[in-house]
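**Q** run.cif is the file, holding mmCIF, C-alpha atoms and all ligand atoms:
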data_input
loop_
_atom_site.label_atom_id
_atom_site.label_comp_id
_atom_site.auth_asym_id
_atom_site.auth_seq_id
_atom_site.Cartn_x
_atom_site.Cartn_y
_atom_site.Cartn_z
CA MET A 1 63.41 54.19 166.79
CA LEU A 2 65.54 51.52 168.50
CA GLU A 3 66.21 49.92 165.16
CA ARG A 4 67.44 53.32 163.83
CA ILE A 5 69.88 53.80 166.72
CA HIS A 6 71.08 50.26 166.19
CA SER A 7 71.74 50.75 162.51
CA MET A 8 73.49 54.08 163.14
CA ARG A 9 75.80 52.35 165.59
CA ARG A 10 76.41 49.63 163.09
CA GLY A 11 77.40 52.29 160.56
CA ALA A 12 79.83 53.87 162.95
CA GLN A 13 81.26 50.49 163.89
CA PHE A 14 81.73 49.70 160.24
CA ASN A 15 83.71 52.92 159.73
CA GLU A 16 85.87 52.37 162.76
CA GLU A 17 86.47 48.76 162.09
CA GLY A 18 86.47 49.04 158.28
CA GLU A 19 88.80 47.69 155.64
CA ASP A 20 92.56 47.99 155.98
CA ASP A 21 92.64 50.39 153.05
CA ASP A 22 90.35 52.85 154.75
CA GLU A 23 92.32 52.63 157.96
CA SER A 24 95.59 53.31 156.21
CA LYS A 25 94.03 56.30 154.37
CA THR A 26 92.93 57.75 157.70
CA ARG A 27 96.33 57.18 159.20
CA LYS A 28 98.07 58.82 156.23
CA ASN A 29 95.74 61.87 156.46
CA VAL A 30 96.42 62.27 160.13
CA SER A 31 100.17 62.23 159.66
CA LEU A 32 99.90 64.70 156.72
CA ALA A 33 97.75 67.05 158.77
CA VAL A 34 100.26 66.86 161.63
CA ARG A 35 103.10 67.60 159.22
CA VAL A 36 101.23 70.60 157.71
CA THR A 37 100.54 71.95 161.21
CA ILE A 38 104.22 71.72 162.15
CA LEU A 39 105.24 73.42 158.89
CA MET A 40 102.70 76.18 159.39
CA SER A 41 103.94 76.89 162.89
CA LYS A 42 107.51 77.03 161.55
CA ILE A 43 106.78 79.51 158.72
CA GLY A 44 104.02 81.36 160.50
CA PHE A 45 105.67 84.78 159.95
CA LEU A 46 105.62 84.22 156.14
CA TRP A 47 101.84 83.71 155.89
CA PRO A 48 100.82 87.26 154.87
CA LEU A 49 103.35 87.14 151.99
CA ILE A 50 102.17 83.72 150.79
CA LEU A 51 98.53 84.86 150.86
CA LEU A 52 99.39 87.99 148.85
CA PHE A 53 101.26 85.90 146.27
CA VAL A 54 98.34 83.44 145.84
CA THR A 55 95.80 86.30 145.49
CA LEU A 56 97.91 88.03 142.84
CA LEU A 57 98.36 84.76 140.95
CA LEU A 58 94.60 84.06 140.94
CA PHE A 59 93.81 87.64 139.86
CA SER A 60 96.20 87.51 136.87
CA ILE A 61 94.78 84.13 135.76
CA VAL A 62 91.22 85.61 135.80
CA MET A 63 92.28 88.75 133.88
CA LEU A 64 94.18 86.74 131.27
CA SER A 65 91.26 84.38 130.69
CA ARG A 66 88.92 87.40 130.20
CA ARG A 67 91.20 88.77 127.53
CA LEU A 68 91.61 85.48 125.73
CA VAL A 69 87.91 84.68 125.74
CA CYS A 70 86.40 84.60 122.27
CA VAL A 71 83.75 87.36 122.14
CA SER A 72 81.44 87.14 119.19
CA SER A 73 80.29 90.41 117.56
CA TYR A 74 76.79 91.66 118.37
CA GLU A 75 76.15 88.82 120.81
CA PRO A 76 74.54 90.62 123.76
CA SER A 77 75.71 88.41 126.61
CA SER A 78 79.34 88.32 125.49
CA ARG A 79 79.28 92.08 124.89
CA MET A 80 77.92 92.64 128.37
CA ASN A 81 80.53 90.43 129.97
CA PHE A 82 83.28 92.16 128.03
CA PHE A 83 82.34 95.73 128.91
CA GLY A 84 81.21 95.12 132.46
CA ILE A 85 80.34 92.15 134.60
CA ASP A 86 76.86 91.11 133.45
CA GLY A 87 76.35 94.54 131.96
CA LEU A 88 75.99 96.16 135.36
CA GLU A 89 78.89 98.51 134.80
CA SER A 90 77.40 101.36 132.78
CA ASP A 91 79.42 102.95 129.99
CA PHE A 92 76.68 105.31 128.77
CA GLY A 93 78.17 108.54 127.49
CA SER A 94 81.76 107.37 127.95
CA LEU A 95 82.71 108.73 124.47
CA GLY A 96 80.85 112.00 124.98
CA VAL A 97 77.27 113.13 124.44
CA PRO A 98 77.23 116.40 122.45
CA TRP A 99 74.23 118.68 122.84
CA CYS A 100 73.11 122.10 121.67
CA ARG A 101 73.50 124.98 124.09
CA SER A 102 70.37 127.01 124.58
CA LYS A 103 70.41 130.78 124.95
CA HIS A 104 69.51 130.95 128.63
CA GLY A 105 70.51 127.43 129.69
CA ARG A 106 66.88 126.38 130.17
CA THR A 107 65.74 122.78 130.12
CA VAL A 108 62.44 120.87 130.05
CA GLU A 109 59.89 120.84 132.87
CA TRP A 110 59.59 117.06 133.07
CA THR A 111 61.76 114.86 135.27
CA SER A 112 62.96 111.26 135.06
CA LYS A 113 60.16 110.37 137.50
CA ASP A 114 57.60 111.68 134.98
CA LEU A 115 59.24 109.59 132.26
CA LEU A 116 59.14 106.44 134.39
CA LYS A 117 55.53 106.91 135.35
CA SER A 118 54.51 107.51 131.74
CA LEU A 119 56.46 104.49 130.49
CA GLU A 120 54.23 102.25 132.57
CA GLU A 121 51.19 103.89 131.00
CA PHE A 122 52.53 103.72 127.47
CA VAL A 123 53.49 100.01 127.27
CA PRO A 124 49.89 98.70 127.10
CA ILE A 125 49.01 101.43 124.56
CA TYR A 126 51.99 100.46 122.39
CA GLU A 127 50.87 96.82 122.50
CA THR A 128 47.70 97.81 120.64
CA ARG A 129 49.59 99.43 117.72
CA PRO A 130 48.22 98.50 114.30
CA ILE A 131 51.66 98.11 112.67
CA LYS A 132 53.42 95.49 114.75
CA ASN A 133 56.70 95.42 112.86
CA ASN A 134 57.38 98.99 111.75
CA MET A 135 60.61 98.28 109.89
CA TYR A 136 62.14 101.54 108.49
CA GLY A 137 59.89 103.51 110.85
CA MET A 138 59.91 104.24 114.57
CA GLY A 139 60.52 101.60 117.23
CA PHE A 140 59.53 101.65 120.88
CA ASP A 141 61.92 104.30 122.28
CA HIS A 142 60.94 107.05 119.86
CA SER A 143 57.25 106.09 119.87
CA PHE A 144 57.33 106.59 123.63
CA GLY A 145 59.23 109.89 123.26
CA LEU A 146 56.79 111.29 120.71
CA TRP A 147 53.76 110.22 122.75
CA PHE A 148 55.24 111.58 126.00
CA ILE A 149 56.25 115.01 124.64
CA THR A 150 52.97 115.46 122.74
CA ARG A 151 50.88 114.57 125.78
CA TRP A 152 52.93 116.92 127.95
CA LEU A 153 52.67 119.89 125.56
CA LYS A 154 49.00 119.30 124.65
CA PRO A 155 49.10 121.07 121.26
CA ASP A 156 45.96 122.24 119.46
CA LEU A 157 47.43 121.10 116.14
CA MET A 158 50.02 118.44 115.30
CA ILE A 159 51.96 118.54 112.04
CA GLU A 160 54.08 115.63 110.87
CA SER A 161 56.44 115.47 107.93
CA GLY A 162 57.21 111.88 106.88
CA ALA A 163 54.44 109.41 107.75
CA PHE A 164 55.40 106.19 105.89
CA LYS A 165 52.67 103.64 106.83
CA GLY A 166 51.24 105.93 109.49
CA HIS A 167 52.73 104.60 112.72
CA SER A 168 53.78 108.07 113.95
CA THR A 169 50.30 109.43 113.03
CA TRP A 170 48.84 106.68 115.23
CA VAL A 171 51.20 107.62 118.11
CA LEU A 172 50.19 111.31 117.86
CA ARG A 173 46.56 110.24 117.89
CA GLN A 174 47.08 108.19 121.10
CA ALA A 175 48.57 111.27 122.76
CA MET A 176 45.84 113.70 121.67
CA PRO A 177 42.63 111.82 120.77
CA ASP A 178 40.62 114.85 119.65
CA LYS A 179 43.08 117.28 118.08
CA PRO A 180 43.65 117.62 114.33
CA ILE A 181 46.74 116.36 112.56
CA VAL A 182 48.31 117.58 109.31
CA SER A 183 50.48 114.99 107.61
CA LEU A 184 52.91 115.69 104.75
CA THR A 185 54.22 112.58 103.06
CA PRO A 186 54.81 111.77 99.36
CA ARG A 187 53.00 108.42 99.42
CA HIS A 188 49.60 108.28 101.14
CA PRO A 189 49.57 105.72 104.00
CA GLU A 190 46.36 104.21 102.54
CA LYS A 191 48.48 102.89 99.66
CA TYR A 192 50.26 100.58 102.11
CA LEU A 193 46.94 99.16 103.31
CA LYS A 194 46.74 97.03 100.15
CA LYS A 195 49.85 95.11 101.15
CA GLY A 196 49.54 94.92 104.93
CA PRO A 197 48.95 96.89 108.11
CA ALA A 198 48.94 100.71 107.91
CA TYR A 199 47.14 103.51 109.74
CA VAL A 200 44.97 106.21 108.20
CA ASP A 201 43.55 108.81 110.58
CA ARG A 202 40.06 110.26 110.25
CA ASN A 203 40.92 113.65 111.75
CA CYS A 204 44.05 114.16 109.66
CA THR A 205 44.56 116.39 106.61
CA TYR A 206 46.94 114.57 104.30
CA PHE A 207 49.21 116.43 101.90
CA ALA A 208 50.10 113.19 100.17
CA GLY A 209 50.18 111.54 96.75
CA LYS A 210 49.24 114.12 94.10
CA ASP A 211 48.51 116.64 96.91
CA PHE A 212 51.98 116.31 98.43
CA VAL A 213 53.72 119.58 99.28
CA ASP A 214 57.11 119.81 100.96
CA PHE A 215 57.10 121.43 104.44
CA GLY A 216 59.16 124.35 103.11
CA SER A 217 56.59 125.17 100.41
CA VAL A 218 53.36 125.02 102.43
CA ASP A 219 51.38 128.22 102.95
CA TRP A 220 51.28 127.80 106.74
CA GLY A 221 49.27 130.98 107.29
CA ARG A 222 46.44 129.44 105.28
CA VAL A 223 46.67 126.07 107.07
CA MET A 224 46.59 127.78 110.49
CA LYS A 225 43.55 129.78 109.46
CA LYS A 226 41.78 126.68 108.21
CA HIS A 227 42.31 124.99 111.59
CA GLY A 228 41.38 128.08 113.59
CA ILE A 229 44.89 128.40 115.08
CA THR A 230 45.71 131.92 116.18
CA ASP A 231 48.73 131.10 118.38
CA VAL A 232 51.57 129.14 116.73
CA ASN A 233 52.80 128.29 120.25
CA ARG A 234 49.98 125.77 120.32
CA VAL A 235 51.36 123.81 117.35
CA LEU A 236 53.76 120.87 117.53
CA ILE A 237 55.84 119.86 114.50
CA PHE A 238 57.25 116.35 114.14
CA PHE A 239 59.93 115.77 111.49
CA ASP A 240 60.69 112.23 110.34
CA ASP A 241 61.41 113.00 106.68
CA HIS A 242 65.21 112.58 106.57
CA GLN A 243 65.87 116.13 105.41
CA ASN A 244 68.72 118.41 106.49
CA GLU A 245 67.57 119.53 109.97
CA LEU A 246 69.19 122.96 109.61
CA LYS A 247 67.03 123.52 106.53
CA ARG A 248 63.92 122.34 108.42
CA LEU A 249 64.74 124.50 111.44
CA LYS A 250 65.02 127.62 109.23
CA GLN A 251 61.72 126.79 107.48
CA ALA A 252 59.97 126.26 110.84
CA LEU A 253 61.40 129.56 112.14
CA LYS A 254 60.11 131.37 109.08
CA ALA A 255 56.60 130.07 109.75
CA GLY A 256 56.93 131.06 113.44
CA PHE A 257 56.65 127.54 114.92
CA ARG A 258 58.26 127.08 118.34
CA HIS A 259 57.92 123.39 119.27
CA LEU A 260 59.79 120.90 117.09
CA ILE A 261 60.65 117.22 117.42
CA PHE A 262 63.24 115.59 115.18
CA GLU A 263 63.05 111.81 115.07
CA ASP A 264 66.44 110.90 113.63
CA ASN A 265 68.95 113.05 115.46
CA TYR A 266 71.92 111.17 114.07
CA ASP A 267 75.30 111.15 115.73
CA THR A 268 78.33 112.65 113.98
CA GLY A 269 79.58 110.41 111.18
CA THR A 270 76.27 108.56 110.80
CA GLY A 271 72.91 108.93 109.06
CA ASP A 272 71.54 110.31 105.81
CA HIS A 273 70.92 113.94 106.79
CA TYR A 274 72.61 116.76 108.73
CA SER A 275 71.20 116.57 112.27
CA LEU A 276 71.01 118.85 115.31
CA ARG A 277 73.37 116.53 117.20
CA GLN A 278 75.87 116.81 114.33
CA ILE A 279 75.51 120.60 114.12
CA CYS A 280 76.20 121.01 117.83
CA ASP A 281 79.12 118.56 117.96
CA GLN A 282 81.79 121.22 118.56
CA PHE A 283 85.07 121.32 120.45
CA TYR A 284 83.72 123.77 123.02
CA ILE A 285 80.89 121.37 124.01
CA ARG A 286 81.65 118.71 126.64
CA GLY A 287 81.86 115.45 124.69
CA GLY A 288 82.04 117.33 121.38
CA GLY A 289 84.67 117.65 118.66
CA HIS A 290 86.92 114.89 117.42
CA SER A 291 90.54 114.17 116.63
CA CYS A 292 91.38 112.19 113.52
CA PHE A 293 94.72 111.11 114.99
CA ARG A 294 94.77 107.35 114.47
CA ASP A 295 96.83 106.64 117.56
CA SER A 296 94.58 108.55 119.95
CA ASP A 297 92.56 107.15 122.85
CA GLU A 298 89.37 107.98 120.95
CA ALA A 299 90.56 105.97 117.92
CA ARG A 300 91.44 102.98 120.09
CA ILE A 301 88.16 103.04 122.01
CA ARG A 302 86.09 103.48 118.84
CA MET A 303 87.82 100.56 117.13
CA LYS A 304 87.02 98.31 120.06
CA ARG A 305 83.41 99.43 120.33
CA LYS A 306 82.76 98.87 116.64
CA LEU A 307 83.17 95.16 117.29
CA PHE A 308 80.13 95.20 119.51
CA TRP A 309 77.66 97.82 118.31
CA GLU A 310 76.36 97.83 114.74
CA LYS A 311 76.03 101.63 114.55
CA ALA A 312 79.35 102.50 116.19
CA VAL A 313 81.84 104.15 113.85
CA ASP A 314 85.61 103.92 114.03
CA ILE A 315 87.98 106.78 113.34
CA GLN A 316 88.47 105.80 109.65
CA GLU A 317 84.72 106.07 109.05
CA LEU A 318 84.40 109.22 111.13
CA CYS A 319 87.10 111.16 109.29
CA GLY A 320 86.96 112.12 105.64
CA ARG A 321 89.53 113.82 103.40
CA GLY A 322 91.60 116.50 105.12
CA GLU A 323 90.66 115.08 108.53
CA ALA A 324 87.11 116.38 108.19
CA TRP A 325 85.06 114.76 110.98
CA TRP A 326 82.06 117.16 111.17
CA GLY A 327 78.65 116.23 109.75
CA VAL A 328 79.36 112.99 107.94
CA ARG A 329 83.04 113.05 106.88
CA GLY A 330 82.85 116.81 106.33
CA GLU A 331 79.54 116.65 104.39
CA MET A 332 76.17 118.17 105.12
CA ARG A 333 73.83 115.37 104.09
CA ASP A 334 70.28 115.92 102.90
CA ASN A 335 67.25 114.08 101.51
CA PHE A 336 68.05 110.46 102.39
CA ASN A 337 71.74 110.89 101.42
CA HIS A 338 70.73 111.88 97.85
CA SER A 339 71.79 115.50 98.08
CA ASN A 340 75.04 116.05 99.96
CA LYS A 341 77.26 119.10 100.12
CA ALA A 342 80.83 119.45 101.35
CA MET A 343 81.25 122.12 104.03
CA SER A 344 84.23 123.66 105.74
CA TYR A 345 84.69 123.51 109.50
CA ALA A 346 84.11 127.29 109.60
CA GLU A 347 80.70 126.80 107.97
CA HIS A 348 79.85 123.95 110.33
CA PHE A 349 80.86 126.11 113.29
CA GLN A 350 78.70 128.99 112.04
CA ASN A 351 75.74 126.60 111.81
CA SER A 352 76.05 125.73 115.48
CA ARG A 353 76.28 129.39 116.45
CA PHE A 354 73.11 130.06 114.48
CA VAL A 355 71.24 127.14 116.12
CA GLU A 356 72.31 128.25 119.59
CA SER A 357 71.10 131.77 118.88
CA VAL A 358 67.49 130.60 118.38
CA LEU A 359 67.21 127.84 121.00
CA ASP A 360 65.46 127.99 124.34
CA VAL A 361 65.53 124.24 124.98
CA TYR A 362 67.39 121.25 123.53
CA TRP A 363 66.37 117.92 125.05
CA GLU A 364 67.44 114.49 123.81
CA LEU A 365 65.16 111.63 124.75
CA PRO A 366 67.20 109.03 126.69
CA PRO A 367 66.86 105.40 125.57
CA VAL A 368 64.18 103.59 127.58
CA ALA A 369 66.49 100.95 129.06
CA GLY A 370 70.05 99.66 129.07
CA PRO A 371 71.11 97.02 126.54
CA SER A 372 71.50 94.25 129.12
CA LEU A 373 67.71 94.57 129.55
CA THR A 374 66.53 95.34 126.00
CA HIS A 375 69.21 93.25 124.23
CA GLN A 376 69.45 95.94 121.56
CA THR A 377 72.62 95.62 119.49
CA ARG A 378 72.68 98.77 117.32
CA TYR A 379 73.37 102.07 119.03
CA ASP A 380 76.56 102.46 121.03
CA PRO A 381 75.79 103.49 124.63
CA ALA A 382 79.12 105.36 124.70
CA ARG A 383 77.53 108.22 122.69
CA VAL A 384 74.15 108.22 124.42
CA PRO A 385 72.73 109.70 127.66
CA SER A 386 71.92 107.32 130.54
CA PRO A 387 68.74 105.31 129.97
CA ILE A 388 65.47 105.79 131.85
CA VAL A 389 65.73 102.24 133.24
CA GLU A 390 69.38 101.55 133.94
CA ASP A 391 71.16 98.24 133.34
CA GLY A 392 70.73 95.85 136.24
CA ARG A 393 67.22 97.04 137.13
CA PHE A 394 65.47 94.01 135.72
CA GLY A 395 62.73 94.13 138.38
CA LEU A 396 61.72 97.63 137.28
CA PHE A 397 62.03 96.71 133.59
CA GLN A 398 59.63 93.82 134.22
CA ARG A 399 57.24 95.84 136.40
CA LEU A 400 56.89 98.41 133.61
CA GLY A 401 55.78 95.62 131.27
CA LEU A 402 58.83 96.04 129.02
CA THR A 403 59.68 92.32 129.11
CA ARG A 404 56.51 91.69 127.10
CA LEU A 405 57.93 93.51 124.04
CA GLU A 406 60.03 91.86 121.32
CA THR A 407 63.73 92.73 121.17
CA PHE A 408 63.59 94.31 117.69
CA VAL A 409 61.38 97.18 118.90
CA PHE A 410 64.33 98.53 120.92
CA ASN A 411 66.72 98.67 117.97
CA GLY A 412 65.78 102.03 116.44
CA TYR A 413 67.07 104.60 118.93
CA THR A 414 68.74 107.64 117.29
CA GLN A 415 68.61 110.37 119.97
CA MET A 416 65.20 111.85 119.16
CA VAL A 417 65.30 115.53 120.13
CA TYR A 418 62.79 118.14 121.25
CA LEU A 419 63.58 121.80 120.49
CA GLN A 420 61.91 124.85 121.85
CA ILE A 421 62.61 127.90 119.76
CA SER A 422 62.93 131.20 121.57
CA GLU A 423 60.36 133.92 121.05
CA PRO A 424 61.41 136.45 118.43
CA GLY A 425 63.44 139.24 120.05
CA SER A 426 64.05 137.39 123.36
C1 LIG B 501 61.37 106.95 108.07
S1 LIG B 501 59.94 107.19 107.17
C2 LIG B 501 58.81 107.83 108.35
C3 LIG B 501 58.42 106.84 109.39
C4 LIG B 501 57.19 107.19 110.16
N1 LIG B 501 57.26 108.46 110.77
C5 LIG B 501 56.94 106.10 111.18
O1 LIG B 501 56.91 106.39 112.36
O2 LIG B 501 56.75 104.97 110.85
C6 LIG B 501 60.30 108.58 106.16
C7 LIG B 501 59.15 109.06 105.34
O3 LIG B 501 59.45 110.33 104.82
C8 LIG B 501 58.84 110.44 103.54
N2 LIG B 501 59.44 111.57 102.81
C9 LIG B 501 60.39 111.61 101.86
N3 LIG B 501 60.63 112.88 101.47
C10 LIG B 501 59.79 113.66 102.18
C11 LIG B 501 59.56 115.06 102.23
N4 LIG B 501 60.24 115.92 101.51
N5 LIG B 501 58.62 115.50 103.08
C12 LIG B 501 57.91 114.67 103.85
N6 LIG B 501 58.11 113.34 103.85
C13 LIG B 501 59.04 112.84 103.03
C14 LIG B 501 59.12 109.07 102.95
O4 LIG B 501 58.28 108.82 101.86
C15 LIG B 501 58.81 108.17 104.16
O5 LIG B 501 57.46 107.86 104.20
#
Take the structure from the file and write it as structure tokens.

**A**
Amino acid sequence: MLERIHSMRRGAQFNEEGEDDDESKTRKNVSLAVRVTILMSKIGFLWPLILLFVTLLLFSIVMLSRRLVCVSSYEPSSRMNFFGIDGLESDFGSLGVPWCRSKHGRTVEWTSKDLLKSLEEFVPIYETRPIKNNMYGMGFDHSFGLWFITRWLKPDLMIESGAFKGHSTWVLRQAMPDKPIVSLTPRHPEKYLKKGPAYVDRNCTYFAGKDFVDFGSVDWGRVMKKHGITDVNRVLIFFDDHQNELKRLKQALKAGFRHLIFEDNYDTGTGDHYSLRQICDQFYIRGGGHSCFRDSDEARIRMKRKLFWEKAVDIQELCGRGEAWWGVRGEMRDNFNHSNKAMSYAEHFQNSRFVESVLDVYWELPPVAGPSLTHQTRYDPARVPSPIVEDGRFGLFQRLGLTRLETFVFNGYTQMVYLQISEPGS
């Protein structure tokens, strides 16, 4: 203890009695400090102005450096820092989120709380999926949406059109373990089993391979009878077959079905088939309708966003000949982009009026989480409703188990939509 005090004193002594150099430095500092104090007292009344000037100078330097920074395309962290500090500033829906009006303005029964609760339940189920990398098929967001809606509605029969390797059949089966499925798909999922993972369901009637029949040509009365279905309200239809959704809606109406899910509800100017979202993108809808004026705010914003999101479209891509923006450049696309038809705006407008006249509910599944959490790089949040787990809520994202999933599973979001058709005559 004594020794410590001694050495401390020695240290202090050394400082006080140190080298000439040190002493002179101290002396210089003292005189500088005195001079600064005198100056400050002389210009004391100018201090608020000087402070304001320094703040403004610092602010402009920061802003300039943000603009000059080199932001690489599709690189999540740079994109986040460009659009909002660390991605916390949400720009979901900033370019408008068109939707279809329903006849009586009704919406779904479930709330965001229900979605959150179910997400936690679904993650461990999704981890057991047989097809781990379902390229060209559904990713996590839509798998969750399909599972959630199916489990909520509890149908007695599920019908899917477009099965590919069978991932969506597997999702339907997780939602309703004991109910029958009817699957229409040109190539039987068992064919894929030879090359890798696929799913074939034991309680599913396949119209596939040589037995394939298109949804529009099936004798649904016979199928219902075979499955003992007397109430078509108890049937859920899932379309993932890349066909014109107006055509599918009319076919479903004809058969009397009332609960439909469309997987790829493409945004205007994108995709390989005419979608509900495209049909309802109209000037009278908030966030709907477009201007092809190349010097507009929309054109400028779109051009910027295209640098960061793979699926974003700029005004040149959005607008076809004669400034046709509706559908995809004024076309009604069908059958994987193999059968397209030009349509006038009047025809497009009539299509939306027709859809609205038969709808009770139009509900777009929100993406599961913001891109600062999922690191997805494809869909542009500016055309999408706010996510279930918002950017910045990493704790929640982690608690739900979503950090355990690979990034690529979040890349397939295309505004999956649930439609409830109104009862005839209502
Ligand atoms: C995107 S994939 C479906 C993905 C699948 N639902 C999944 O979750 O993995 C589209 C499927 O539609 C099938 N298809 C093509 N034309 C069809 C038609 N007219 N009716 C039903 N399915 C069709 C394709 O063969 C393909 O398997």

**Q** Could you give me the residues within 6 Å of ligand LIG 501 (chain B), counting all atoms listed in the file, as a ChimeraX atom specification?

**A** /A:136-138,161-168,184-187,214,240-241

**Q** May I have the residues within 12 Å of Arg294 (chain A) as a ChimeraX atom specification, using only C-alpha atoms and disregarding those fewer than 4 positions away in the same chain?

**A** /A:290,298-303,314-319,323

**Q** Write out as a compact mmCIF listing (two decimals) with C-alpha atoms, in the frame of the given file each polymer residue whose atoms come within 7 Å of Arg106 (chain A), counting only C-alpha atoms; drop sequence neighbours fewer than 4 positions from it.

**A**
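The resulting file, result26.txt, is reproduced below:
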# COMPACT_ATOMS: atom_id res chain seq x y z
CA SER A 102 70.37 127.01 124.58
CA ASP A 360 65.46 127.99 124.34
CA VAL A 361 65.53 124.24 124.98

**Q** In the coordinates of the file, take the point (56.4, 124.2, 121.7) and a cut-off of 9 Å; then, counting all atoms listed in the file, name each qualifying protein, DNA or RNA residue as a ChimeraX atom specification.

**A** /A:153,155,232-237,257-260,418-421

**Q** My list of candidates is A:Pro387, A:Gly196, A:Gly93, A:Gly271. Which is closest to Ser112 (chain A) when distances are computed with all atoms listed in the file?

**A**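 Closest candidate: A:Pro387.
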
**Q** Using only C-alpha atoms, which protein or nucleic acid residues come within 12 Å of Tyr345 (chain A)? Drop anything in the same chain fewer than 2 positions from it, and give the result as a list in words.

**A**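 Residues near the query, excluding close chain neighbours: Ile279, Asp281, Gln282, Phe283, Gly289, His290, Gly322, Glu323, Ala324, Trp325, Trp326, Gly327, Val328, Arg329, Gly330, Glu331, Met332, Ala342, Met343, Glu347, His348, Phe349, Gln350, Asn351 and Ser352 of chain A.
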
**Q** Please measure the separation of CA of Ser183 (chain A) and CA of Glu160 (chain A), giving the value in Å to one decimal.

**A** 4.9 Å

**Q** Which residue is closest to His104 (chain A)? Choose from A:Asp264, A:Glu356, A:Asp380, A:Glu364 and count all atoms listed in the file.

**A**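 Once distances to His104 (chain A) are computed over all atoms listed in the file, the minimum belongs to A:Glu356.
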
**Q** Please, what distance in Å, to one decimal, runs between CA of Gly139 (chain A) and CA of Gly412 (chain A)?

**A**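 Separation of CA of Gly139 (chain A) and CA of Gly412 (chain A): 5.3 Å.
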
**Q** Which residues are near Lys250 (chain A)? Cut-off 10 Å, only C-alpha atoms, ignore same chain within fewer than 6 positions. Put them as a PyMOL selection string.

**A** chain A and resi 216+256+354-355+358

**Q** Take CA of Arg222 (chain A) and CA of Ala255 (chain A) and report the distance between them in Å, one decimal.

**A**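 The value is 11.1 Å.
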
**Q** Could you tell me which of A:Lys154, A:Lys304, A:Arg129, A:Arg393 comes closest to Pro371 (chain A) if we count all atoms listed in the file?

**A**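 Of A:Lys154, A:Lys304, A:Arg129, A:Arg393, the one nearest Pro371 (chain A), counting all atoms listed in the file, is A:Arg393.
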
**Q** Using only C-alpha atoms, which residue out of A:Phe140, A:Phe148, A:Trp99, A:Trp170 lies closest to Gln376 (chain A)?

**A**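 Of all the options, A:Phe140 lies closest to Gln376 (chain A).
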
**Q** Would you kindly return, as an MDAnalysis selection string, each protein, DNA or RNA residue with an atom no farther than 6 Å from any atom of Asp267 (chain A), considering only C-alpha atoms and excluding same-chain residues fewer than 3 positions away?

**A** chainID A and resid 270 277:278

**Q** Next, the residues of the selection above should be written as a PDB file, keeping the file's coordinate frame with C-alpha atoms.

**A**
ATOM      1  CA  THR A 270      76.270 108.560 110.800  1.00  0.00           C
ATOM      2  CA  ARG A 277      73.370 116.530 117.200  1.00  0.00           C
ATOM      3  CA  GLN A 278      75.870 116.810 114.330  1.00  0.00           C
TER       4      GLN A 278
END

**Q** So which residues fall inside 9 Å of (65.8, 99.9, 129.8) if we count all atoms listed in the file? Mind giving them as a PDB file with C-alpha atoms, keeping the file's coordinate frame?

**A**
ATOM      1  CA  PRO A 367      66.860 105.400 125.570  1.00  0.00           C
ATOM      2  CA  VAL A 368      64.180 103.590 127.580  1.00  0.00           C
ATOM      3  CA  ALA A 369      66.490 100.950 129.060  1.00  0.00           C
ATOM      4  CA  GLY A 370      70.050  99.660 129.070  1.00  0.00           C
ATOM      5  CA  PRO A 371      71.110  97.020 126.540  1.00  0.00           C
ATOM      6  CA  SER A 372      71.500  94.250 129.120  1.00  0.00           C
ATOM      7  CA  LEU A 373      67.710  94.570 129.550  1.00  0.00           C
ATOM      8  CA  THR A 374      66.530  95.340 126.000  1.00  0.00           C
ATOM      9  CA  PRO A 387      68.740 105.310 129.970  1.00  0.00           C
ATOM     10  CA  ILE A 388      65.470 105.790 131.850  1.00  0.00           C
ATOM     11  CA  VAL A 389      65.730 102.240 133.240  1.00  0.00           C
ATOM     12  CA  GLU A 390      69.380 101.550 133.940  1.00  0.00           C
ATOM     13  CA  ASP A 391      71.160  98.240 133.340  1.00  0.00           C
ATOM     14  CA  ARG A 393      67.220  97.040 137.130  1.00  0.00           C
ATOM     15  CA  PHE A 394      65.470  94.010 135.720  1.00  0.00           C
ATOM     16  CA  LEU A 396      61.720  97.630 137.280  1.00  0.00           C
ATOM     17  CA  PHE A 397      62.030  96.710 133.590  1.00  0.00           C
ATOM     18  CA  LEU A 402      58.830  96.040 129.020  1.00  0.00           C
TER      19      LEU A 402
END

**Q** Using all atoms listed in the file, which of the listed residues (A:Arg353, A:Arg378, A:His273, A:Arg333) sits closest to Arg305 (chain A)?

**A** A:Arg378

**Q** Measuring atom to atom with only C-alpha atoms, identify which of A:His142, A:Lys191, A:Arg248, A:Arg151 is nearest to Ser118 (chain A).

**A** A:Arg151
